[in-house]
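Peer 1: One structure coming up, written as structure tokens, with questions to follow.
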Amino acid sequence: MTEKGKVRVVVVGANGRMGREVVRTVVKDPGLQLVGAVDRSVEKEDVGVVLGLGETGVYFSDKLGETLLKSEADVIIDFTTPNVVRDNIYTSLEYGVRPVVGTTGIPQEDLQAWDRILQDKGIGGLVAPNFAIGAILMMKFAAQAARYLPHVEIIEMHHDQKLDAPSGTAIKTAEMIVKERQRMVQGHPDEEEKLAGARGADFEGMKIHSVRLPGYVAHQEVILGGIGQTLTIRHDSISRESFMPGVAMAAKKVMEFTGLVYGLENLID
Ligand SMILES: NC(=O)C1=CN([C@@H]2O[C@H](COP(=O)(O)OP(=O)(O)OC[C@H]3O[C@@H](n4cnc5c(N)ncnc54)[C@H](OP(=O)(O)O)[C@@H]3O)[C@@H](O)[C@H]2O)C=CC1
Ligand SMILES: O=C(O)C1=N[C@H](C(=O)O)C[C@H](O)C1
């Protein structure tokens with residue numbers, strides 16, 4: 001049943017680490033209504049019962065298109081995997097449903113293609129590599145600092161079940177820094193890796209290092225260097241709740257604009 005004034009949400013990847021947290025958030029938020037939950041490994045069970053929230057009347061399905069058709073959703077919130085997110089977004093676009101995407105590892109060409117489709121359809125969409133406000137601030141501060149301290153090493157640390165490396169946040173951080181700092185070569189021009197990968201991944205001269213350990217959630221340090229000094233900017237997500245205010249805000253704000261927004265910072269004053 002439609003609840004007046006609420007944004008109707010289908011969560012995709014609803015049984016994953018993030019998806020479960022998102023379902024809890026949507027169920028609790030007075031401005032949102034959970035109308036569908038899609039995951040490939042669970043079917044026909046009440047989402048609320050599986051998550052210990054009590055009956056919701058919303059059942060897991062493994063069929064996104066069917067769920068969108070039945071539920072008359074306004075928005076999908078996708079936290080799946082880099083290899084399936086593209087199909088999910090095209091399905092949501094086909095049904096005229098706004099995508100809010102946290103899944104990482106999406107190439108720039110896809111973002112551009114989705115923007116064109118969203119513009120044509122006159123609806124909004126959001127892709128945000130990180131929904132935690134502290135991480136957004138870390139990225140913004142790092143970009144600002146790189147104007148003055150242009151040598152940059154990004155170290156991202158995540159749980160060891162993460163599929164993509166480097167993290168979406170590290171890539172977005174590097175993209176934001178590139179817009180601010182002058183192009184430059186870091187380190188000694190003749191430096192040589194004695195073990196492949198020792199200097200990390202290269203992003204326009206910046207280095208990105210990925211650490212994977214079982215105790216981590218999501219953490220990142222940006223170390224900026226200038227003559228005789230370094231500045232370290234660090235953010236820690238110590239639980240997945242850190243992402244939820246950003247996700248809930250995005251699911252509401254996406255109803256208000258047209259085209260694709262890339263990065264939560266663009267929805268925050
Ligand atoms: N933007 C942000 O702020 C954040 C982004 N992330 C990103 O979100 C993504 C998900 O992370 P996380 O929750 O830890 O990962 P999980 O592996 O825990 O969750 C992904 C879920 O998607 C399911 N899934 C796989 N294929 C499909 C499909 N075709 N249709 C529907 N569901 C499917 C998986 O099922 P199965 O287990 O059976 O494979 C799993 O339940 C990652 O890309 C991660 O980097 C994570 C945290 C914050
Ligand atoms: O996989 C994760 O956990 C996370 N993924 C995102 C990323 O790749 O940046 C966001 C956050 O770091 C958690």
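Chain lettering (A, B, ...) mirrors the order of the structure tokens, residue numbering begins at 1 for each chain separately, and ligand numbering begins at 1 in order of display.
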If we count only C-alpha atoms, what is near Val58 in chain A at a cut-off of 12 Å, once residues fewer than 3 positions away on the same chain are taken out, given as a PyMOL selection string?

Peer 2: chain A and resi 1+9-11+14+23+27+33-38+43-51+53-55+61+67+70-71

Peer 1: Go through the chains and note each residue within 6 Å of ligand 2, using only C-alpha atoms and all ligand atoms, then give the set as a VMD selection string.

Peer 2: chain A and resid 104 129 to 130 162 167 to 169 218

Peer 1: Return the single residue from A:Gln112, A:Gly125, A:Asp62, A:Val185 that is closest to Leu93 in chain A, with distances computed using only C-alpha atoms.

Peer 2: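 So, comparing all the options, the nearest one is A:Gly125.
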
Peer 1: With a distance cut-off of 10 Å and only C-alpha atoms, select the neighbouring residues of Leu260 in chain A, excluding the residue or stretch itself and same-chain residues fewer than 4 positions from it, and output the selection as a PyMOL selection string.

Peer 2: chain A and resi 98-100+111-119+123-127+254

Peer 1: Selection from above, N, CA and C atoms, as a compact mmCIF listing (two decimals), in the first residue's frame, can you write it?

Peer 2:
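This went into again-v5.txt:
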# COMPACT_ATOMS: atom_id res chain seq x y z
N ARG A 98 14.54 5.85 -10.18
CA ARG A 98 15.79 6.59 -9.91
C ARG A 98 16.80 5.71 -9.18
N PRO A 99 18.03 5.60 -9.69
CA PRO A 99 19.03 4.79 -8.98
C PRO A 99 19.83 5.62 -7.96
N VAL A 100 19.96 5.09 -6.76
CA VAL A 100 20.88 5.62 -5.75
C VAL A 100 21.89 4.50 -5.52
N LEU A 111 28.99 6.13 -16.05
CA LEU A 111 28.36 7.29 -15.40
C LEU A 111 27.84 8.26 -16.46
N GLN A 112 28.65 8.46 -17.50
CA GLN A 112 28.23 9.39 -18.56
C GLN A 112 27.00 8.86 -19.31
N ALA A 113 27.00 7.56 -19.58
CA ALA A 113 25.87 6.96 -20.30
C ALA A 113 24.59 7.06 -19.46
N TRP A 114 24.69 6.80 -18.16
CA TRP A 114 23.50 6.87 -17.29
C TRP A 114 23.00 8.29 -17.19
N ASP A 115 23.92 9.23 -17.15
CA ASP A 115 23.50 10.64 -17.06
C ASP A 115 22.65 10.99 -18.27
N ARG A 116 23.10 10.58 -19.46
CA ARG A 116 22.35 10.92 -20.69
C ARG A 116 20.92 10.33 -20.62
N ILE A 117 20.84 9.07 -20.17
CA ILE A 117 19.51 8.43 -20.11
C ILE A 117 18.63 9.13 -19.07
N LEU A 118 19.21 9.45 -17.93
CA LEU A 118 18.42 10.12 -16.87
C LEU A 118 17.94 11.49 -17.34
N GLN A 119 18.81 12.20 -18.07
CA GLN A 119 18.41 13.52 -18.60
C GLN A 119 17.24 13.34 -19.57
N ILE A 123 14.57 12.35 -14.97
CA ILE A 123 14.61 11.92 -13.56
C ILE A 123 16.07 11.96 -13.06
N GLY A 124 16.22 11.85 -11.74
CA GLY A 124 17.55 11.95 -11.14
C GLY A 124 18.16 10.61 -10.79
N GLY A 125 19.46 10.62 -10.56
CA GLY A 125 20.18 9.43 -10.09
C GLY A 125 21.42 9.88 -9.35
N LEU A 126 21.90 9.04 -8.44
CA LEU A 126 23.10 9.40 -7.68
C LEU A 126 24.03 8.19 -7.58
N VAL A 127 25.30 8.41 -7.84
CA VAL A 127 26.33 7.41 -7.57
C VAL A 127 27.28 8.04 -6.55
N VAL A 254 17.11 12.63 -4.35
CA VAL A 254 17.16 12.21 -5.76
C VAL A 254 15.81 12.46 -6.46

Peer 1: Might you pull out every residue within 12 Å of Tyr216 in chain A, with only C-alpha atoms counted and same-chain residues fewer than 4 positions away left off, and present them as an MDAnalysis selection string?

Peer 2: chainID A and resid 156:162 211:212 220 236:240

Peer 1: How would the residues just picked look written out with N, CA and C atoms as a CSV table (one decimal), in the first residue's frame?

Peer 2:
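File again13.csv, as written:
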chain,number,residue,atom,x,y,z
A,156,GLU,N,44.2,3.3,1.6
A,156,GLU,CA,42.9,2.9,2.1
A,156,GLU,C,42.9,1.5,2.7
A,157,MET,N,42.2,1.4,3.8
A,157,MET,CA,42.2,0.1,4.5
A,157,MET,C,40.8,-0.4,4.7
A,158,HIS,N,40.5,-1.6,4.3
A,158,HIS,CA,39.2,-2.2,4.3
A,158,HIS,C,39.2,-3.7,4.8
A,159,HIS,N,38.0,-4.1,5.2
A,159,HIS,CA,37.8,-5.6,5.6
A,159,HIS,C,38.3,-6.4,4.4
A,160,ASP,N,38.6,-7.7,4.7
A,160,ASP,CA,39.2,-8.5,3.7
A,160,ASP,C,38.2,-9.3,2.8
A,161,GLN,N,36.9,-8.9,2.9
A,161,GLN,CA,35.9,-9.5,2.0
A,161,GLN,C,35.6,-8.5,0.8
A,162,LYS,N,36.3,-7.4,0.8
A,162,LYS,CA,36.0,-6.4,-0.2
A,162,LYS,C,36.5,-6.9,-1.6
A,211,VAL,N,45.0,-1.8,1.6
A,211,VAL,CA,45.3,-2.8,2.7
A,211,VAL,C,44.0,-3.5,3.0
A,212,ARG,N,44.0,-4.8,3.1
A,212,ARG,CA,42.8,-5.6,3.4
A,212,ARG,C,43.1,-6.5,4.7
A,220,GLN,N,40.6,5.4,5.7
A,220,GLN,CA,41.5,6.0,4.6
A,220,GLN,C,42.4,7.1,5.2
A,236,ASP,N,37.8,7.3,9.6
A,236,ASP,CA,37.5,5.9,10.0
A,236,ASP,C,36.0,5.7,10.0
A,237,SER,N,35.5,4.7,9.2
A,237,SER,CA,34.1,4.3,9.5
A,237,SER,C,34.3,3.1,10.4
A,238,ILE,N,33.8,3.2,11.6
A,238,ILE,CA,34.0,2.1,12.6
A,238,ILE,C,32.7,1.2,12.6
A,239,SER,N,31.7,1.6,11.9
A,239,SER,CA,30.5,0.7,11.7
A,239,SER,C,29.8,1.2,10.4
A,240,ARG,N,29.0,0.3,9.9
A,240,ARG,CA,28.3,0.7,8.6
A,240,ARG,C,27.2,1.6,8.8

Peer 1: Can you tell me which residues come within 9 Å of ligand 1 when counting only C-alpha atoms and all ligand atoms, ideally as a PyMOL selection string?

Peer 2: chain A and resi 12-21+37-42+61-64+78-85+87-88+101-106+127-132+135+159+161-164+167-169+217-218+240+242-244+246-247

Peer 1: Between A:Leu32, A:Leu149, A:Ile136, A:Val97, which has the minimum distance to Thr230 in chain A (counting only C-alpha atoms)?

Peer 2: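 Going through A:Leu32, A:Leu149, A:Ile136, A:Val97 one by one, the smallest distance to Thr230 in chain A is for A:Leu149.
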
Peer 1: How far is it from CA of Arg147 in chain A to CA of Arg181 in chain A, in Å with one decimal?

Peer 2: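 Interatomic distance here is 4.8 Å.
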
Peer 1: Could you tell me, as a PyMOL selection string, which residues of range 141-183 of chain A DSSP assigns to strand (DSSP E) when given the backbone?

Peer 2: chain A and resi 151-158

Peer 1: Check the smallest atom-to-atom distance from each of A:Tyr262, A:Leu195, A:Leu69, A:Val75 to Gln108 in chain A using only C-alpha atoms, then report the winner.

Peer 2: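 With only C-alpha atoms as the atom set, the closest residue is A:Tyr262.
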
Peer 1: Can you list every residue in range 37-195 of chain A that DSSP puts in alpha helix (DSSP H), as a ChimeraX atom specification?

Peer 2: /A:47-50,64-71,85-94,108-121,133-145,168-178

Peer 1: Can I get the selection written as a compact mmCIF listing (two decimals), in the first residue's frame, with C-alpha atoms?

Peer 2:
# COMPACT_ATOMS: atom_id res chain seq x y z
CA VAL A 47 12.69 -9.18 4.87
CA GLY A 48 11.77 -7.92 8.32
CA VAL A 49 11.62 -11.44 9.72
CA VAL A 50 15.03 -12.34 8.24
CA LEU A 64 14.64 -6.82 -9.96
CA GLY A 65 12.45 -6.05 -13.00
CA GLU A 66 9.47 -7.93 -11.59
CA THR A 67 9.90 -6.24 -8.21
CA LEU A 68 10.00 -2.77 -9.79
CA LEU A 69 6.89 -3.48 -11.82
CA LYS A 70 4.88 -4.76 -8.84
CA SER A 71 6.09 -2.22 -6.30
CA VAL A 85 25.49 -3.12 -10.70
CA ARG A 86 25.46 -2.10 -14.38
CA ASP A 87 22.61 -4.51 -15.24
CA ASN A 88 20.67 -3.36 -12.18
CA ILE A 89 20.96 0.29 -13.18
CA TYR A 90 19.82 -0.40 -16.74
CA THR A 91 16.84 -2.32 -15.37
CA SER A 92 15.92 0.56 -13.06
CA LEU A 93 16.27 3.05 -15.94
CA GLU A 94 14.06 0.88 -18.13
CA GLN A 108 33.39 6.81 -15.87
CA GLU A 109 31.89 5.81 -19.27
CA ASP A 110 28.96 4.17 -17.46
CA LEU A 111 28.36 7.29 -15.40
CA GLN A 112 28.23 9.39 -18.56
CA ALA A 113 25.87 6.96 -20.30
CA TRP A 114 23.50 6.87 -17.29
CA ASP A 115 23.50 10.64 -17.06
CA ARG A 116 22.35 10.92 -20.69
CA ILE A 117 19.51 8.43 -20.11
CA LEU A 118 18.42 10.12 -16.87
CA GLN A 119 18.41 13.52 -18.60
CA ASP A 120 16.28 12.09 -21.42
CA LYS A 121 13.84 10.60 -18.95
CA ILE A 133 29.87 12.61 5.97
CA GLY A 134 33.30 12.27 7.58
CA ALA A 135 34.67 10.63 4.44
CA ILE A 136 33.22 13.42 2.29
CA LEU A 137 34.97 15.98 4.50
CA MET A 138 38.21 14.00 4.36
CA MET A 139 38.09 14.05 0.55
CA LYS A 140 37.27 17.76 0.41
CA PHE A 141 39.99 18.70 2.92
CA ALA A 142 42.55 16.57 1.08
CA ALA A 143 41.71 18.23 -2.24
CA GLN A 144 42.01 21.66 -0.64
CA ALA A 145 45.33 20.79 1.05
CA GLY A 168 35.82 3.74 -4.80
CA THR A 169 36.57 6.33 -2.12
CA ALA A 170 40.30 6.30 -2.93
CA ILE A 171 39.58 6.80 -6.63
CA LYS A 172 37.12 9.63 -5.92
CA THR A 173 39.65 11.25 -3.57
CA ALA A 174 42.30 11.14 -6.30
CA GLU A 175 39.83 12.56 -8.85
CA MET A 176 39.02 15.45 -6.51
CA ILE A 177 42.71 16.12 -5.81
CA VAL A 178 43.59 16.13 -9.52

Peer 1: Check the smallest atom-to-atom distance from each of A:Gly122, A:Gly226, A:Gly52, A:Pro30 to Gly259 in chain A using only C-alpha atoms, then report the winner.

Peer 2: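 Distance minimum relative to Gly259 in chain A lands on A:Gly122.
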
Peer 1: Nearest to His151 in chain A among A:Arg183, A:Lys252, A:Arg199, A:His235, with distances taken over only C-alpha atoms: which residue is it?

Peer 2: A:Arg183

Peer 1: To one decimal in Å, tell me the separation between CA of Leu267 in chain A and CA of Lys253 in chain A.

Peer 2: 7.7 Å

Peer 1: Could you tell me how far CA of Gly96 in chain A sits from CA of Asp29 in chain A, in Å to one decimal place?

Peer 2: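 Value for the CA of Asp29 in chain A-CA of Gly96 in chain A distance: 23.3 Å.
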